[in-house]
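Colleague: What follows is entry_18.cif, made up of mmCIF, C-alpha atoms (C1' of nucleotides):
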data_data
loop_
_atom_site.label_atom_id
_atom_site.label_comp_id
_atom_site.auth_asym_id
_atom_site.auth_seq_id
_atom_site.Cartn_x
_atom_site.Cartn_y
_atom_site.Cartn_z
CA MET H 1 27.19 -29.06 -2.26
CA LYS H 2 25.51 -28.28 1.02
CA GLN H 3 27.75 -25.22 1.10
CA GLN H 4 26.77 -24.28 -2.44
CA ASN H 5 23.17 -25.05 -1.68
CA SER H 6 22.66 -22.71 1.22
CA GLN H 7 24.85 -20.11 -0.44
CA THR H 8 22.59 -19.96 -3.48
CA GLU H 9 19.50 -20.13 -1.32
CA GLU H 10 20.76 -17.15 0.64
CA LYS H 11 21.41 -15.17 -2.53
CA ILE H 12 17.88 -15.92 -3.72
CA LEU H 13 16.34 -14.87 -0.43
CA GLU H 14 18.25 -11.59 -0.37
CA ALA H 15 17.26 -10.80 -3.94
CA ALA H 16 13.63 -11.81 -3.40
CA GLU H 17 13.45 -9.66 -0.31
CA GLN H 18 14.73 -6.63 -2.18
CA ILE H 19 12.41 -7.05 -5.17
CA PHE H 20 9.28 -7.95 -3.20
CA LEU H 21 9.83 -5.04 -0.79
CA ARG H 22 10.21 -2.62 -3.66
CA ASP H 23 7.44 -3.88 -5.94
CA GLY H 24 5.02 -5.88 -3.83
CA TYR H 25 3.73 -9.27 -4.91
CA GLY H 26 1.81 -8.27 -8.02
CA ASP H 27 4.44 -6.06 -9.62
CA ALA H 28 7.42 -8.23 -8.67
CA ARG H 29 8.93 -10.37 -11.45
CA MET H 30 10.65 -13.70 -10.95
CA GLN H 31 13.05 -12.65 -13.71
CA ASP H 32 14.11 -9.60 -11.70
CA ILE H 33 14.75 -11.74 -8.65
CA ALA H 34 16.80 -14.21 -10.70
CA ASP H 35 18.83 -11.42 -12.29
CA LEU H 36 19.56 -9.79 -8.95
CA ALA H 37 20.60 -13.12 -7.46
CA GLY H 38 22.85 -13.79 -10.46
CA ILE H 39 21.10 -17.02 -11.44
CA ASN H 40 18.28 -18.03 -13.79
CA LYS H 41 14.55 -18.50 -13.31
CA ALA H 42 14.70 -22.29 -13.38
CA LEU H 43 16.94 -22.40 -10.36
CA LEU H 44 14.50 -20.14 -8.55
CA HIS H 45 11.79 -22.76 -8.95
CA TYR H 46 14.20 -25.51 -8.00
CA TYR H 47 14.78 -23.96 -4.57
CA PHE H 48 11.30 -22.54 -4.03
CA ARG H 49 8.43 -24.24 -5.77
CA SER H 50 6.52 -21.15 -6.83
CA LYS H 51 6.33 -17.38 -6.63
CA ASP H 52 3.63 -17.68 -3.98
CA ASN H 53 5.84 -19.92 -1.91
CA LEU H 54 8.83 -17.60 -2.14
CA PHE H 55 6.69 -14.61 -1.28
CA GLU H 56 5.21 -16.19 1.83
CA TYR H 57 8.71 -17.03 2.95
CA ILE H 58 9.74 -13.36 2.72
CA PHE H 59 6.50 -12.06 4.19
CA GLU H 60 6.73 -14.17 7.31
CA LYS H 61 10.32 -13.04 7.80
CA LYS H 62 9.34 -9.37 7.55
CA ILE H 63 6.10 -9.35 9.51
CA SER H 64 8.08 -9.32 12.75
CA VAL H 65 9.56 -5.95 11.81
CA MET H 66 6.14 -4.36 11.38
CA PHE H 67 4.91 -5.88 14.63
CA PRO H 68 8.05 -6.31 16.71
CA LYS H 69 8.34 -8.55 19.73
CA MET H 70 7.83 -6.51 22.88
CA GLU H 71 8.00 -9.10 25.63
CA GLU H 72 11.12 -7.79 27.35
CA MET H 73 9.67 -4.29 27.31
CA PHE H 74 6.53 -5.35 29.16
CA ASN H 75 8.51 -7.39 31.67
CA GLN H 76 10.59 -4.48 32.95
CA ASN H 77 7.83 -3.19 35.21
CA LEU H 78 7.91 0.26 33.61
CA SER H 79 4.94 2.63 33.61
CA PHE H 80 2.61 2.89 30.62
CA TYR H 81 4.18 6.20 29.68
CA GLU H 82 7.73 4.88 29.96
CA THR H 83 6.90 1.70 28.08
CA THR H 84 5.22 3.58 25.24
CA CYS H 85 8.11 6.04 25.01
CA ALA H 86 10.52 3.12 24.72
CA PHE H 87 8.30 1.56 22.07
CA ILE H 88 8.27 4.76 20.00
CA GLU H 89 12.04 4.99 19.99
CA LYS H 90 12.58 1.31 19.23
CA TYR H 91 9.90 1.22 16.54
CA ILE H 92 10.98 4.29 14.57
CA THR H 93 14.64 3.27 14.81
CA LEU H 94 13.67 -0.15 13.46
CA LEU H 95 11.60 1.30 10.61
CA ASN H 96 14.31 3.82 9.76
CA ASP H 97 16.50 0.81 8.95
CA ASN H 98 13.62 -0.85 7.07
CA PRO H 99 11.68 2.00 5.46
CA TYR H 100 9.91 -0.21 2.90
CA ILE H 101 8.43 -2.58 5.47
CA PRO H 102 5.24 -0.68 6.38
CA MET H 103 4.14 -0.28 2.77
CA PHE H 104 5.10 -3.87 1.98
CA VAL H 105 3.19 -5.36 4.91
CA MET H 106 0.13 -3.16 4.50
CA SER H 107 -0.18 -3.68 0.75
CA THR H 108 0.02 -7.42 1.35
CA ILE H 109 -2.56 -7.32 4.12
CA ASN H 110 -4.89 -5.36 1.86
CA ARG H 111 -4.73 -7.83 -1.04
CA ALA H 112 -8.28 -8.68 -2.02
CA ASP H 113 -7.33 -12.28 -2.65
CA ARG H 114 -5.33 -14.08 0.04
CA GLN H 115 -7.14 -12.61 3.06
CA ASP H 116 -5.40 -15.37 5.00
CA PHE H 117 -2.29 -13.23 5.41
CA ILE H 118 -4.11 -11.45 8.22
CA LYS H 119 -4.10 -14.61 10.27
CA LYS H 120 -0.32 -14.46 10.48
CA LEU H 121 -0.30 -11.17 12.39
CA PRO H 122 0.51 -11.07 16.09
CA ILE H 123 -2.53 -9.39 17.58
CA GLY H 124 -1.62 -9.35 21.26
CA LEU H 125 0.17 -5.97 21.21
CA ILE H 126 -2.85 -3.69 21.71
CA GLN H 127 -4.20 -5.88 24.51
CA LYS H 128 -0.91 -5.74 26.45
CA PHE H 129 -0.67 -1.98 26.12
CA ALA H 130 -4.29 -1.60 27.24
CA GLU H 131 -3.72 -3.72 30.33
CA LEU H 132 -0.69 -1.65 31.26
CA TYR H 133 -2.68 1.54 30.74
CA PHE H 134 -5.49 0.43 33.04
CA LYS H 135 -2.98 -0.51 35.71
CA ASP H 136 -1.63 3.05 35.75
CA PHE H 137 -5.05 4.65 35.30
CA SER H 138 -6.48 2.81 38.30
CA VAL H 139 -3.93 4.52 40.55
CA GLY H 140 -4.38 7.90 38.91
CA LYS H 141 -1.01 7.96 37.18
CA VAL H 142 -2.38 8.85 33.74
CA ARG H 143 -5.21 10.95 32.38
CA GLU H 144 -8.32 9.20 31.06
CA VAL H 145 -8.22 8.37 27.35
CA ASN H 146 -9.26 5.37 25.28
CA PRO H 147 -6.18 3.12 25.43
CA ALA H 148 -6.86 1.19 22.21
CA GLN H 149 -7.32 4.44 20.28
CA LEU H 150 -4.14 5.79 21.84
CA ILE H 151 -2.06 2.78 20.80
CA ILE H 152 -3.45 2.96 17.30
CA SER H 153 -2.52 6.64 17.29
CA VAL H 154 1.04 5.98 18.40
CA MET H 155 1.53 3.28 15.80
CA SER H 156 -0.05 5.54 13.17
CA MET H 157 2.31 8.40 13.96
CA CYS H 158 5.30 6.06 13.80
CA ALA H 159 4.43 4.00 10.72
CA PHE H 160 2.39 6.24 8.43
CA PRO H 161 5.23 8.63 7.52
CA PHE H 162 7.09 5.64 6.03
CA ILE H 163 4.05 4.83 3.91
CA ALA H 164 3.78 8.46 2.83
CA ARG H 165 7.56 8.65 2.45
CA PRO H 166 7.61 9.67 -1.23
CA VAL H 167 5.15 12.48 -0.45
CA ILE H 168 7.08 13.73 2.57
CA LYS H 169 10.36 13.55 0.67
CA GLU H 170 8.83 15.58 -2.16
CA ILE H 171 7.25 18.21 0.09
CA THR H 172 10.33 18.71 2.24
CA LYS H 173 12.75 18.22 -0.66
CA ALA H 174 14.55 15.65 1.46
CA ASP H 175 16.78 12.83 0.24
CA ASP H 176 16.95 9.43 1.95
CA GLU H 177 19.40 10.62 4.59
CA GLN H 178 17.43 13.74 5.40
CA PHE H 179 14.22 11.74 5.67
CA LYS H 180 15.93 9.51 8.20
CA ALA H 181 16.88 12.57 10.20
CA ILE H 182 13.31 13.85 10.11
CA MET H 183 12.09 10.56 11.52
CA GLN H 184 14.86 10.47 14.11
CA PHE H 185 13.79 13.91 15.33
CA ARG H 186 10.20 12.72 15.25
CA ILE H 187 10.84 10.26 18.10
CA SER H 188 11.11 12.97 20.75
CA GLU H 189 8.23 14.89 19.21
CA ILE H 190 5.81 11.96 19.51
CA GLN H 191 7.08 11.27 23.02
CA LEU H 192 6.28 14.89 23.83
CA TYR H 193 2.72 14.52 22.53
CA LEU H 194 2.32 11.47 24.72
CA LYS H 195 3.53 13.38 27.78
CA TYR H 196 0.95 16.11 27.19
CA ILE H 197 -1.86 13.65 26.42
CA LEU H 198 -1.26 11.56 29.53
CA ASN H 199 -0.45 14.63 31.65
CA GLN H 200 2.91 13.28 32.80
CA MET D 1 -25.61 7.78 -29.68
CA LYS D 2 -24.29 10.63 -27.59
CA GLN D 3 -26.66 9.36 -24.90
CA GLN D 4 -25.37 5.82 -25.31
CA ASN D 5 -21.83 7.07 -25.41
CA SER D 6 -21.73 8.82 -22.09
CA GLN D 7 -23.84 6.12 -20.51
CA THR D 8 -21.29 3.43 -21.37
CA GLU D 9 -18.42 5.67 -20.46
CA GLU D 10 -19.99 6.23 -17.07
CA LYS D 11 -20.43 2.49 -16.52
CA ILE D 12 -16.77 1.92 -17.40
CA LEU D 13 -15.57 4.62 -15.05
CA GLU D 14 -17.62 3.28 -12.16
CA ALA D 15 -16.35 -0.25 -12.76
CA ALA D 16 -12.75 0.88 -13.20
CA GLU D 17 -12.93 2.88 -10.00
CA GLN D 18 -14.18 -0.11 -8.05
CA ILE D 19 -11.60 -2.55 -9.43
CA PHE D 20 -8.61 -0.19 -9.26
CA LEU D 21 -9.48 0.85 -5.69
CA ARG D 22 -9.71 -2.77 -4.61
CA ASP D 23 -6.71 -4.20 -6.47
CA GLY D 24 -4.39 -1.32 -7.29
CA TYR D 25 -2.87 -0.91 -10.74
CA GLY D 26 -0.76 -4.04 -10.92
CA ASP D 27 -3.34 -6.53 -9.70
CA ALA D 28 -6.28 -4.97 -11.54
CA ARG D 29 -7.44 -6.77 -14.70
CA MET D 30 -9.06 -5.10 -17.67
CA GLN D 31 -11.25 -8.20 -17.97
CA ASP D 32 -12.61 -7.64 -14.45
CA ILE D 33 -13.43 -4.03 -15.27
CA ALA D 34 -15.18 -5.06 -18.48
CA ASP D 35 -17.17 -7.77 -16.68
CA LEU D 36 -18.26 -5.39 -13.94
CA ALA D 37 -19.27 -2.78 -16.49
CA GLY D 38 -21.22 -5.39 -18.43
CA ILE D 39 -19.25 -4.92 -21.65
CA ASN D 40 -16.20 -6.50 -23.30
CA LYS D 41 -12.53 -5.61 -23.28
CA ALA D 42 -12.51 -4.23 -26.81
CA LEU D 43 -14.99 -1.55 -25.88
CA LEU D 44 -12.83 -0.63 -22.93
CA HIS D 45 -9.98 0.20 -25.28
CA TYR D 46 -12.35 1.99 -27.61
CA TYR D 47 -13.30 4.51 -24.91
CA PHE D 48 -9.95 4.68 -23.12
CA ARG D 49 -6.84 3.94 -25.13
CA SER D 50 -5.00 1.86 -22.59
CA LYS D 51 -4.97 0.56 -19.03
CA ASP D 52 -2.50 3.28 -18.10
CA ASN D 53 -4.79 5.93 -19.50
CA LEU D 54 -7.84 4.61 -17.67
CA PHE D 55 -5.91 4.35 -14.42
CA GLU D 56 -4.62 7.90 -14.56
CA TYR D 57 -8.18 9.07 -15.13
CA ILE D 58 -9.33 7.34 -11.94
CA PHE D 59 -6.28 8.37 -9.93
CA GLU D 60 -6.67 12.05 -10.67
CA LYS D 61 -10.32 11.85 -9.68
CA LYS D 62 -9.48 10.23 -6.33
CA ILE D 63 -6.41 12.20 -5.33
CA SER D 64 -8.62 15.05 -4.14
CA VAL D 65 -10.18 12.76 -1.54
CA MET D 66 -6.81 11.92 -0.01
CA PHE D 67 -5.75 15.56 -0.05
CA PRO D 68 -9.01 17.50 0.16
CA LYS D 69 -9.37 21.14 -0.72
CA MET D 70 -9.20 23.23 2.43
CA GLU D 71 -9.44 26.78 1.12
CA GLU D 72 -12.74 27.71 2.78
CA MET D 73 -11.46 26.33 6.08
CA PHE D 74 -8.43 28.59 6.06
CA ASN D 75 -10.49 31.63 5.05
CA GLN D 76 -12.78 31.55 8.06
CA ASN D 77 -10.26 33.24 10.34
CA LEU D 78 -10.38 30.39 12.85
CA SER D 79 -7.54 29.60 15.23
CA PHE D 80 -5.01 26.87 14.45
CA TYR D 81 -6.66 24.62 17.01
CA GLU D 82 -10.16 25.21 15.65
CA THR D 83 -9.04 24.80 12.06
CA THR D 84 -7.24 21.53 12.78
CA CYS D 85 -10.24 20.20 14.74
CA ALA D 86 -12.47 20.99 11.78
CA PHE D 87 -9.99 19.28 9.48
CA ILE D 88 -9.97 16.11 11.58
CA GLU D 89 -13.73 15.82 11.51
CA LYS D 90 -14.04 16.56 7.82
CA TYR D 91 -11.16 14.26 6.87
CA ILE D 92 -12.25 11.18 8.82
CA THR D 93 -15.85 11.64 7.71
CA LEU D 94 -14.63 11.80 4.12
CA LEU D 95 -12.43 8.72 4.48
CA ASN D 96 -15.20 6.81 6.25
CA ASP D 97 -17.16 7.14 3.02
CA ASN D 98 -14.08 6.22 0.96
CA PRO D 99 -12.15 3.71 3.08
CA TYR D 100 -10.10 2.32 0.18
CA ILE D 101 -8.72 5.69 -0.88
CA PRO D 102 -5.69 5.93 1.46
CA MET D 103 -4.33 2.51 0.47
CA PHE D 104 -5.06 3.17 -3.20
CA VAL D 105 -3.32 6.53 -3.27
CA MET D 106 -0.34 5.43 -1.19
CA SER D 107 0.26 2.22 -3.14
CA THR D 108 0.22 4.27 -6.33
CA ILE D 109 2.57 6.89 -4.93
CA ASN D 110 4.97 4.14 -3.88
CA ARG D 111 5.13 2.47 -7.28
CA ALA D 112 8.79 2.07 -8.19
CA ASP D 113 8.06 2.91 -11.81
CA ARG D 114 5.96 5.99 -12.53
CA GLN D 115 7.43 8.25 -9.86
CA ASP D 116 5.70 11.04 -11.76
CA PHE D 117 2.46 10.43 -9.87
CA ILE D 118 3.96 12.37 -6.99
CA LYS D 119 3.97 15.49 -9.10
CA LYS D 120 0.17 15.45 -9.14
CA LEU D 121 -0.13 15.88 -5.38
CA PRO D 122 -1.22 19.19 -3.88
CA ILE D 123 1.62 20.02 -1.51
CA GLY D 124 0.45 23.35 -0.11
CA LEU D 125 -1.47 21.88 2.83
CA ILE D 126 1.39 21.58 5.32
CA GLN D 127 2.62 25.07 4.51
CA LYS D 128 -0.78 26.63 5.17
CA PHE D 129 -1.18 24.83 8.48
CA ALA D 130 2.31 25.88 9.51
CA GLU D 131 1.63 29.54 8.75
CA LEU D 132 -1.57 29.42 10.78
CA TYR D 133 0.30 27.78 13.66
CA PHE D 134 2.99 30.45 13.76
CA LYS D 135 0.33 33.16 13.77
CA ASP D 136 -1.19 31.71 16.94
CA PHE D 137 2.18 30.84 18.47
CA SER D 138 3.48 34.39 18.11
CA VAL D 139 0.69 35.64 20.35
CA GLY D 140 1.10 32.82 22.85
CA LYS D 141 -2.14 31.04 21.96
CA VAL D 142 -0.56 27.60 21.50
CA ARG D 143 2.25 25.66 23.11
CA GLU D 144 5.54 25.28 21.23
CA VAL D 145 5.76 22.23 19.00
CA ASN D 146 7.09 21.56 15.51
CA PRO D 147 4.12 22.44 13.27
CA ALA D 148 5.12 20.28 10.29
CA GLN D 149 5.55 17.24 12.54
CA LEU D 150 2.20 17.99 14.16
CA ILE D 151 0.35 18.14 10.85
CA ILE D 152 1.98 14.92 9.72
CA SER D 153 0.89 13.40 13.04
CA VAL D 154 -2.71 14.51 12.61
CA MET D 155 -2.87 13.18 9.06
CA SER D 156 -1.21 9.95 10.21
CA MET D 157 -3.76 9.42 12.97
CA CYS D 158 -6.61 10.06 10.55
CA ALA D 159 -5.43 8.11 7.52
CA PHE D 160 -3.34 5.22 8.82
CA PRO D 161 -6.21 3.28 10.43
CA PHE D 162 -7.81 3.03 6.99
CA ILE D 163 -4.59 1.55 5.62
CA ALA D 164 -4.42 -0.87 8.55
CA ARG D 165 -8.16 -1.47 8.30
CA PRO D 166 -7.99 -5.26 7.79
CA VAL D 167 -5.73 -5.55 10.82
CA ILE D 168 -7.93 -3.37 13.03
CA LYS D 169 -11.06 -5.20 11.88
CA GLU D 170 -9.42 -8.52 12.73
CA ILE D 171 -8.14 -7.44 16.15
CA THR D 172 -11.40 -5.82 17.22
CA LYS D 173 -13.56 -8.41 15.45
CA ALA D 174 -15.38 -5.52 13.80
CA ASP D 175 -17.38 -5.62 10.57
CA ASP D 176 -17.52 -2.71 8.11
CA GLU D 177 -20.22 -0.89 10.06
CA GLN D 178 -18.45 -1.29 13.39
CA PHE D 179 -15.19 -0.09 11.90
CA LYS D 180 -16.97 3.03 10.72
CA ALA D 181 -18.21 3.60 14.26
CA ILE D 182 -14.70 3.19 15.66
CA MET D 183 -13.44 5.85 13.27
CA GLN D 184 -16.38 8.12 14.01
CA PHE D 185 -15.56 7.92 17.72
CA ARG D 186 -11.92 8.50 16.85
CA ILE D 187 -12.65 12.06 15.68
CA SER D 188 -13.25 13.40 19.19
CA GLU D 189 -10.36 11.35 20.55
CA ILE D 190 -7.83 12.92 18.16
CA GLN D 191 -9.31 16.35 18.82
CA LEU D 192 -8.75 15.69 22.52
CA TYR D 193 -5.09 14.81 21.91
CA LEU D 194 -4.71 18.08 20.01
CA LYS D 195 -6.23 20.02 22.87
CA TYR D 196 -3.76 18.55 25.34
CA ILE D 197 -0.79 18.95 22.99
CA LEU D 198 -1.51 22.59 22.25
CA ASN D 199 -2.61 23.29 25.85
CA GLN D 200 -5.99 24.70 24.84
"C1'" DG K 1 22.83 -28.03 -8.85
"C1'" DT K 2 22.65 -25.34 -12.73
"C1'" DC K 3 21.79 -24.35 -17.22
"C1'" DT K 4 18.96 -23.66 -22.04
"C1'" DA K 5 14.85 -24.23 -24.16
"C1'" DT K 6 10.11 -24.49 -24.05
"C1'" DA K 7 5.48 -25.32 -22.40
"C1'" DT K 8 1.39 -23.08 -20.62
"C1'" DA K 9 -1.34 -19.43 -19.16
"C1'" DT K 10 -2.81 -14.80 -19.09
"C1'" DC K 11 -2.72 -10.18 -19.97
"C1'" DG K 12 -3.25 -5.80 -22.72
"C1'" DA K 13 -4.31 -4.48 -27.11
"C1'" DT K 14 -6.02 -4.74 -32.03
"C1'" DA K 15 -8.42 -6.33 -36.43
"C1'" DG K 16 -12.45 -6.69 -38.59
"C1'" DA K 17 -17.48 -8.00 -38.96
"C1'" DC K 18 -21.93 -6.05 -37.93
"C1'" DG I 1 -20.75 1.86 -30.94
"C1'" DT I 2 -20.35 -2.94 -29.87
"C1'" DC I 3 -19.15 -7.41 -30.64
"C1'" DT I 4 -16.01 -12.00 -31.57
"C1'" DA I 5 -11.72 -13.58 -32.52
"C1'" DT I 6 -7.01 -13.23 -32.21
"C1'" DC I 7 -2.40 -11.22 -31.98
"C1'" DG I 8 1.80 -10.31 -29.53
"C1'" DA I 9 4.10 -9.72 -25.38
"C1'" DT I 10 5.17 -11.38 -21.06
"C1'" DA I 11 4.49 -14.07 -16.92
"C1'" DT I 12 5.13 -18.41 -14.16
"C1'" DA I 13 6.52 -22.87 -14.39
"C1'" DT I 14 8.62 -27.20 -16.27
"C1'" DA I 15 11.42 -30.57 -19.24
"C1'" DG I 16 15.56 -32.22 -20.11
"C1'" DA I 17 20.68 -31.86 -21.10
"C1'" DC I 18 24.95 -31.41 -18.58
#
The structure in this file should be written as structure tokens.
Modeller:
Amino acid sequence: MKQQNSQTEEKILEAAEQIFLRDGYGDARMQDIADLAGINKALLHYYFRSKDNLFEYIFEKKISVMFPKMEEMFNQNLSFYETTCAFIEKYITLLNDNPYIPMFVMSTINRADRQDFIKKLPIGLIQKFAELYFKDFSVGKVREVNPAQLIISVMSMCAFPFIARPVIKEITKADDEQFKAIMQFRISEIQLYLKYILNQ
Amino acid sequence: MKQQNSQTEEKILEAAEQIFLRDGYGDARMQDIADLAGINKALLHYYFRSKDNLFEYIFEKKISVMFPKMEEMFNQNLSFYETTCAFIEKYITLLNDNPYIPMFVMSTINRADRQDFIKKLPIGLIQKFAELYFKDFSVGKVREVNPAQLIISVMSMCAFPFIARPVIKEITKADDEQFKAIMQFRISEIQLYLKYILNQ
DNA sequence: GTCTATATATCGATAGAC
DNA sequence: GTCTATCGATATATAGAC
């Protein structure tokens, strides 16, 4: 019973995750989720009251991938350059294992209704990076740039290719595995940009 | 009659553009488009056969904003650095006047069904930039980097903030006008990155 | 807990009057 | 060319048997 319960619940969550990530809220169908989970629609509503409810459950689970926890990275007393390099590697590696996440999160955030999803974002990341930048800048370790713009740039260079993934795959005639390799190579390339920008 | 005809058609197109850009295909409602155009649904289907048909009409009109024509830029015999700087300014200025375009185009491209939308993209842009880069690299004018990755990076830095616009507006507590100013300032910042990366 | 059957709502699309 | 009324398909959600 309890065993069965959580087993079915787990199947539903896995199926919902897959369908919602692929289709987004509007295009996702409860029937598709039920089929993939190997159950029927009624049972879906028995475990989760509504489509909205199920979606929010998935969204909150996945938001941490788009904006990963970085506490341990900031507590290692690394320089701004070193910290950002570590972030780039960790972030692209993470997204390479979850390529649908950026599009999923951004399409949700941009929904005209439900602007409240924005409130669930962790917004401390830019601030922490900026503080670390100023610490290094004050002792002349890095060149002068706008730190907020730089962080946005780094995140853009990491995340946008996953959003434009179908385009990049088409242009480069790459399959899923080759796209992964392109992004893996991209890590060192972005780190190189950062080195030149900060004059390290 | 003919006057009336094109006048109504124009109203429909303007309304459809606004609704589709805001909601995307799946979440857009024909009723909303009809309401905004000041007509009824039946007339919508009289002018455009179906929702699919109307959407494709809008999409093909807007795809040129996401991937703008760059012929005249490449024909001015400018250096890779100068050409890319000009692109950055033109592109962000264009997107600042059409902030919904990146999300609209990318959400459409990522639709699980209708993969055929990808075929409508102009894919020559990266190739042209790459050729121009190699021309300058062969005479030692620019530092060695991967040109395709660099172009993707530039486009990422320009376009991604518009996709993450609700997040950036929330974090910076910016309204529409202030966001525009942030992006306007961003032009020179990205150009600066490019200067450092290419060692100009 | 899990199923079948069905209610309820909404959407895209069409028929037909004017 | 434009409208009202409605069809038919499909979506979420629920009722009720087991």
Colleague: Which polymer residues have any atom within 12 Å of an atom of DT6 of chain I, counting all atoms listed in the file, with same-chain residues fewer than 6 positions away left out, as a PyMOL selection string?
Modeller: (chain D and resi 42) or (chain K and resi 13-16)
Colleague: Give me the residues within 9 Å of DC3 of chain I as an MDAnalysis selection string, counting all atoms listed in the file and dropping any in the same chain fewer than 5 places off.
Modeller: (chainID D and resid 40 42:43) or (chainID K and resid 17:18)
Colleague: Compile the contact shell of Ile109 of chain H as a ChimeraX atom specification: residues with an atom at most 9 Å away, counting only C-alpha atoms (C1' of nucleotides), same-chain residues fewer than 4 positions apart removed.
Modeller: /H:104-105,114-118 /D:164,166-167
Colleague: Could you produce a table of the residues of chain I lying within 10 Å of chain H, with the nearest pair of atoms per residue and their separation in Å rounded to one decimal, using all atoms listed in the file, ordered by chain and increasing residue number, as a tab-separated table?
Modeller:
residue	atom	partner	partner_atom	distance
I:DA11	C1'	H:Arg29	CA	8.0
I:DT12	C1'	H:Lys51	CA	7.7
I:DA13	C1'	H:His45	CA	7.6
I:DT14	C1'	H:Ala42	CA	8.3
Colleague: Restricting the output to C-alpha atoms (C1' of nucleotides), write the selected residues as a short mmCIF file (atom, residue, chain, number, x, y, z; two decimals), in the coordinates of the input.
Modeller:
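Below is the file selection-v7.cif, written as the result:
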data_model
loop_
_atom_site.label_atom_id
_atom_site.label_comp_id
_atom_site.auth_asym_id
_atom_site.auth_seq_id
_atom_site.Cartn_x
_atom_site.Cartn_y
_atom_site.Cartn_z
"C1'" DA I 11 4.49 -14.07 -16.92
"C1'" DT I 12 5.13 -18.41 -14.16
"C1'" DA I 13 6.52 -22.87 -14.39
"C1'" DT I 14 8.62 -27.20 -16.27
#
Colleague: With a cut-off of 7 Å, could you pull out the residues of chain H touching chain D and give me the nearest pair of atoms for each, distance in Å to one decimal, using only C-alpha atoms, ordered by chain and ascending number, as JSON lines?
Modeller:
{"residue": "H:Arg22", "atom": "CA", "partner": "D:Ala112", "partner_atom": "CA", "distance": 6.7}
{"residue": "H:Asp23", "atom": "CA", "partner": "D:Ala112", "partner_atom": "CA", "distance": 6.5}
{"residue": "H:Gly26", "atom": "CA", "partner": "D:Asp27", "partner_atom": "CA", "distance": 5.7}
{"residue": "H:Asp27", "atom": "CA", "partner": "D:Gly26", "partner_atom": "CA", "distance": 5.7}
{"residue": "H:Met106", "atom": "CA", "partner": "D:Ala164", "partner_atom": "CA", "distance": 6.5}
{"residue": "H:Ile109", "atom": "CA", "partner": "D:Pro166", "partner_atom": "CA", "distance": 6.9}
{"residue": "H:Asn110", "atom": "CA", "partner": "D:Pro166", "partner_atom": "CA", "distance": 6.7}
{"residue": "H:Arg111", "atom": "CA", "partner": "D:Asp23", "partner_atom": "CA", "distance": 6.8}
{"residue": "H:Ala112", "atom": "CA", "partner": "D:Asp23", "partner_atom": "CA", "distance": 6.5}
{"residue": "H:Ile118", "atom": "CA", "partner": "D:Val167", "partner_atom": "CA", "distance": 6.6}
{"residue": "H:Ile123", "atom": "CA", "partner": "D:Ile171", "partner_atom": "CA", "distance": 6.1}
{"residue": "H:Ser153", "atom": "CA", "partner": "D:Met157", "partner_atom": "CA", "distance": 5.3}
{"residue": "H:Ser156", "atom": "CA", "partner": "D:Met157", "partner_atom": "CA", "distance": 5.4}
{"residue": "H:Met157", "atom": "CA", "partner": "D:Ser153", "partner_atom": "CA", "distance": 5.3}
{"residue": "H:Phe160", "atom": "CA", "partner": "D:Ser156", "partner_atom": "CA", "distance": 5.5}
{"residue": "H:Ile163", "atom": "CA", "partner": "D:Met106", "partner_atom": "CA", "distance": 6.8}
{"residue": "H:Ala164", "atom": "CA", "partner": "D:Met106", "partner_atom": "CA", "distance": 6.5}
{"residue": "H:Pro166", "atom": "CA", "partner": "D:Asn110", "partner_atom": "CA", "distance": 6.7}
{"residue": "H:Val167", "atom": "CA", "partner": "D:Ile118", "partner_atom": "CA", "distance": 6.6}
{"residue": "H:Ile171", "atom": "CA", "partner": "D:Ile123", "partner_atom": "CA", "distance": 6.1}
{"residue": "H:Tyr193", "atom": "CA", "partner": "D:Ile197", "partner_atom": "CA", "distance": 5.7}
{"residue": "H:Tyr196", "atom": "CA", "partner": "D:Ile197", "partner_atom": "CA", "distance": 5.4}
{"residue": "H:Ile197", "atom": "CA", "partner": "D:Tyr196", "partner_atom": "CA", "distance": 5.4}
Colleague: Emit the selected residues as an mmCIF file, in the frame of the given file, including C-alpha atoms.
Modeller:
data_model
loop_
_atom_site.group_PDB
_atom_site.id
_atom_site.type_symbol
_atom_site.label_atom_id
_atom_site.label_comp_id
_atom_site.auth_asym_id
_atom_site.auth_seq_id
_atom_site.Cartn_x
_atom_site.Cartn_y
_atom_site.Cartn_z
ATOM 1 C CA ARG H 22 10.210 -2.620 -3.660
ATOM 2 C CA ASP H 23 7.440 -3.880 -5.940
ATOM 3 C CA GLY H 26 1.810 -8.270 -8.020
ATOM 4 C CA ASP H 27 4.440 -6.060 -9.620
ATOM 5 C CA MET H 106 0.130 -3.160 4.500
ATOM 6 C CA ILE H 109 -2.560 -7.320 4.120
ATOM 7 C CA ASN H 110 -4.890 -5.360 1.860
ATOM 8 C CA ARG H 111 -4.730 -7.830 -1.040
ATOM 9 C CA ALA H 112 -8.280 -8.680 -2.020
ATOM 10 C CA ILE H 118 -4.110 -11.450 8.220
ATOM 11 C CA ILE H 123 -2.530 -9.390 17.580
ATOM 12 C CA SER H 153 -2.520 6.640 17.290
ATOM 13 C CA SER H 156 -0.050 5.540 13.170
ATOM 14 C CA MET H 157 2.310 8.400 13.960
ATOM 15 C CA PHE H 160 2.390 6.240 8.430
ATOM 16 C CA ILE H 163 4.050 4.830 3.910
ATOM 17 C CA ALA H 164 3.780 8.460 2.830
ATOM 18 C CA PRO H 166 7.610 9.670 -1.230
ATOM 19 C CA VAL H 167 5.150 12.480 -0.450
ATOM 20 C CA ILE H 171 7.250 18.210 0.090
ATOM 21 C CA TYR H 193 2.720 14.520 22.530
ATOM 22 C CA TYR H 196 0.950 16.110 27.190
ATOM 23 C CA ILE H 197 -1.860 13.650 26.420
#
